Structure formats: structure tokens, C-alpha cells
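Below: the structure, in C-alpha cells.
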Amino acid sequence: MKQCNTCKKNKPERDYHKNKTTRDGLSGKCKKCQAAYIAQWKKDNKARVNELNAQANKRRLERDPEGERAKRNKWAKDWYRRNKKK
Ligand SMILES: [Zn+2]
């Protein structure tokens, strides 16, 4: 058992994510607190999240420009078809 440093509850080791930077190799937060923390962080850092998403998109585009273009074309066509019907 290990105590979560956020909710202060004792939980079994499998309720913690692995973390190589800590002494016991487990995250200080239980999985539940970690998920809540990330959800809150995303809420507080919308601009940063958008930036990270944009960077990921850019990397994808650089890695596979043809595939990404095809995907975008398909998306645009679907969008056009959906909106034309209205
Ligand atoms: Zn916790």
C-alpha cells in the first residue's frame, strides 16, 4: 500500500502510475488524482493545450504530408456534402 500525496488515501500500488523519477518508481498521486489533475491542468491551460495539439498536427503533417492531405480532403468533402444537403 502507498499513500497518495493528494487525496491522502492508502491505495494499492496498482492504483498508481509508474514514474521512474521517484524513489519507489511510482507516481506520488494515485491514478484518480492524476486524472483529475490533468483534467484541471487542461482546463487552466487551454492555450497551451491548443499549442501542443497544433504542434502534434504539424509533426504529423511533416511525417506524412500525403496521408494528412488526403485525410483533410476527405474531411472537407464530407463536410461539404453534409452542409449541402441542408
Ligand atoms: Zn489520490
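Please note that chains go A, B, ... in the order of the C-alpha cells, that every chain numbers its residues from 1, and that ligands are numbered from 1 in the order shown.
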
Would you pick out the contacts of Lys31 (chain A) at 9 Å or less, using only C-alpha atoms, so that residues sharing its chain but fewer than 5 positions from it are not included, and give the list as number ranges by chain? A: 14-17, 36

Pull N, CA and C atoms from the residues just selected and write them as a compact mmCIF listing (two decimals), in the first residue's frame.
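Output (out-v7.txt):
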```
# COMPACT_ATOMS: atom_id res chain seq x y z
N ARG A 14 -1.01 -0.82 -7.54
CA ARG A 14 -1.54 -0.83 -8.92
C ARG A 14 -2.44 0.37 -9.20
N ASP A 15 -2.80 1.14 -8.17
CA ASP A 15 -3.60 2.34 -8.39
C ASP A 15 -2.72 3.57 -8.67
N TYR A 16 -1.42 3.33 -8.83
CA TYR A 16 -0.50 4.43 -9.13
C TYR A 16 0.18 4.19 -10.47
N HIS A 17 0.36 5.27 -11.21
CA HIS A 17 1.13 5.16 -12.45
C HIS A 17 2.61 5.00 -12.11
N ALA A 36 -7.61 13.66 -12.45
CA ALA A 36 -8.26 14.92 -12.08
C ALA A 36 -7.31 16.08 -12.28
```

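Among all protein and nucleic acid residues, the ones that lie within 8 Å of ligand 1 when counting only C-alpha atoms and all ligand atoms are A:Gln3, A:Cys4, A:Asn5, A:Thr6, A:Cys7, A:Lys8, A:Lys9, A:Lys29, A:Cys30, A:Lys31, A:Lys32, A:Cys33, A:Gln34.
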
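For the pair CA of Ala39 (chain A) and CA of Ser27 (chain A), the separation is 16.8 Å.
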
Just how far from CA of Lys71 (chain A) is CA of Ile38 (chain A), in Å to one decimal?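 We find that CA of Ile38 (chain A) and CA of Lys71 (chain A) lie 29.2 Å from each other.
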
So that I can see what lies close to region 55-60 of chain A, please list as a ChimeraX atom specification the residues with an atom at most 12 Å from it, counting only C-alpha atoms and leaving out residues fewer than 6 positions away in the same chain. /A:48-49,66-69,71-72

Kindly save the residues from that selection, with N, CA and C atoms included, as a PDB file, in the first residue's frame.
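Everything below was put into result25.pdb:
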```
ATOM      1  N   ARG A  48      -2.224  26.485 -24.022  1.00  0.00           N
ATOM      2  CA  ARG A  48      -1.074  25.565 -24.098  1.00  0.00           C
ATOM      3  C   ARG A  48      -1.497  24.244 -24.758  1.00  0.00           C
ATOM      4  N   VAL A  49      -2.690  23.758 -24.391  1.00  0.00           N
ATOM      5  CA  VAL A  49      -3.201  22.513 -24.963  1.00  0.00           C
ATOM      6  C   VAL A  49      -3.380  22.685 -26.468  1.00  0.00           C
ATOM      7  N   GLU A  66       1.297  13.466 -47.469  1.00  0.00           N
ATOM      8  CA  GLU A  66       0.277  12.946 -48.395  1.00  0.00           C
ATOM      9  C   GLU A  66      -0.929  12.404 -47.637  1.00  0.00           C
ATOM     10  N   GLY A  67      -0.652  11.580 -46.640  1.00  0.00           N
ATOM     11  CA  GLY A  67      -1.734  10.973 -45.858  1.00  0.00           C
ATOM     12  C   GLY A  67      -2.570  12.028 -45.168  1.00  0.00           C
ATOM     13  N   GLU A  68      -1.885  13.041 -44.641  1.00  0.00           N
ATOM     14  CA  GLU A  68      -2.582  14.093 -43.907  1.00  0.00           C
ATOM     15  C   GLU A  68      -3.434  14.939 -44.860  1.00  0.00           C
ATOM     16  N   ARG A  69      -2.906  15.205 -46.042  1.00  0.00           N
ATOM     17  CA  ARG A  69      -3.652  15.987 -47.029  1.00  0.00           C
ATOM     18  C   ARG A  69      -4.904  15.217 -47.470  1.00  0.00           C
ATOM     19  N   LYS A  71      -6.482  12.999 -45.778  1.00  0.00           N
ATOM     20  CA  LYS A  71      -7.432  12.992 -44.669  1.00  0.00           C
ATOM     21  C   LYS A  71      -8.204  14.307 -44.628  1.00  0.00           C
ATOM     22  N   ARG A  72      -7.481  15.414 -44.834  1.00  0.00           N
ATOM     23  CA  ARG A  72      -8.127  16.725 -44.802  1.00  0.00           C
ATOM     24  C   ARG A  72      -9.096  16.892 -45.961  1.00  0.00           C
TER      25      ARG A  72
END
```

Quick one: pull the distance between CA of Gly25 (chain A) and CA of Lys2 (chain A), Å, one decimal.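 Atom-to-atom, CA of Gly25 (chain A) and CA of Lys2 (chain A) are spaced 11.7 Å apart.
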
For the helix (DSSP H, G or I) assignment from backbone DSSP, which residues of region 3-62 of chain A qualify? Please present them as an MDAnalysis selection string. chainID A and resid 13:15 31:44 46:62
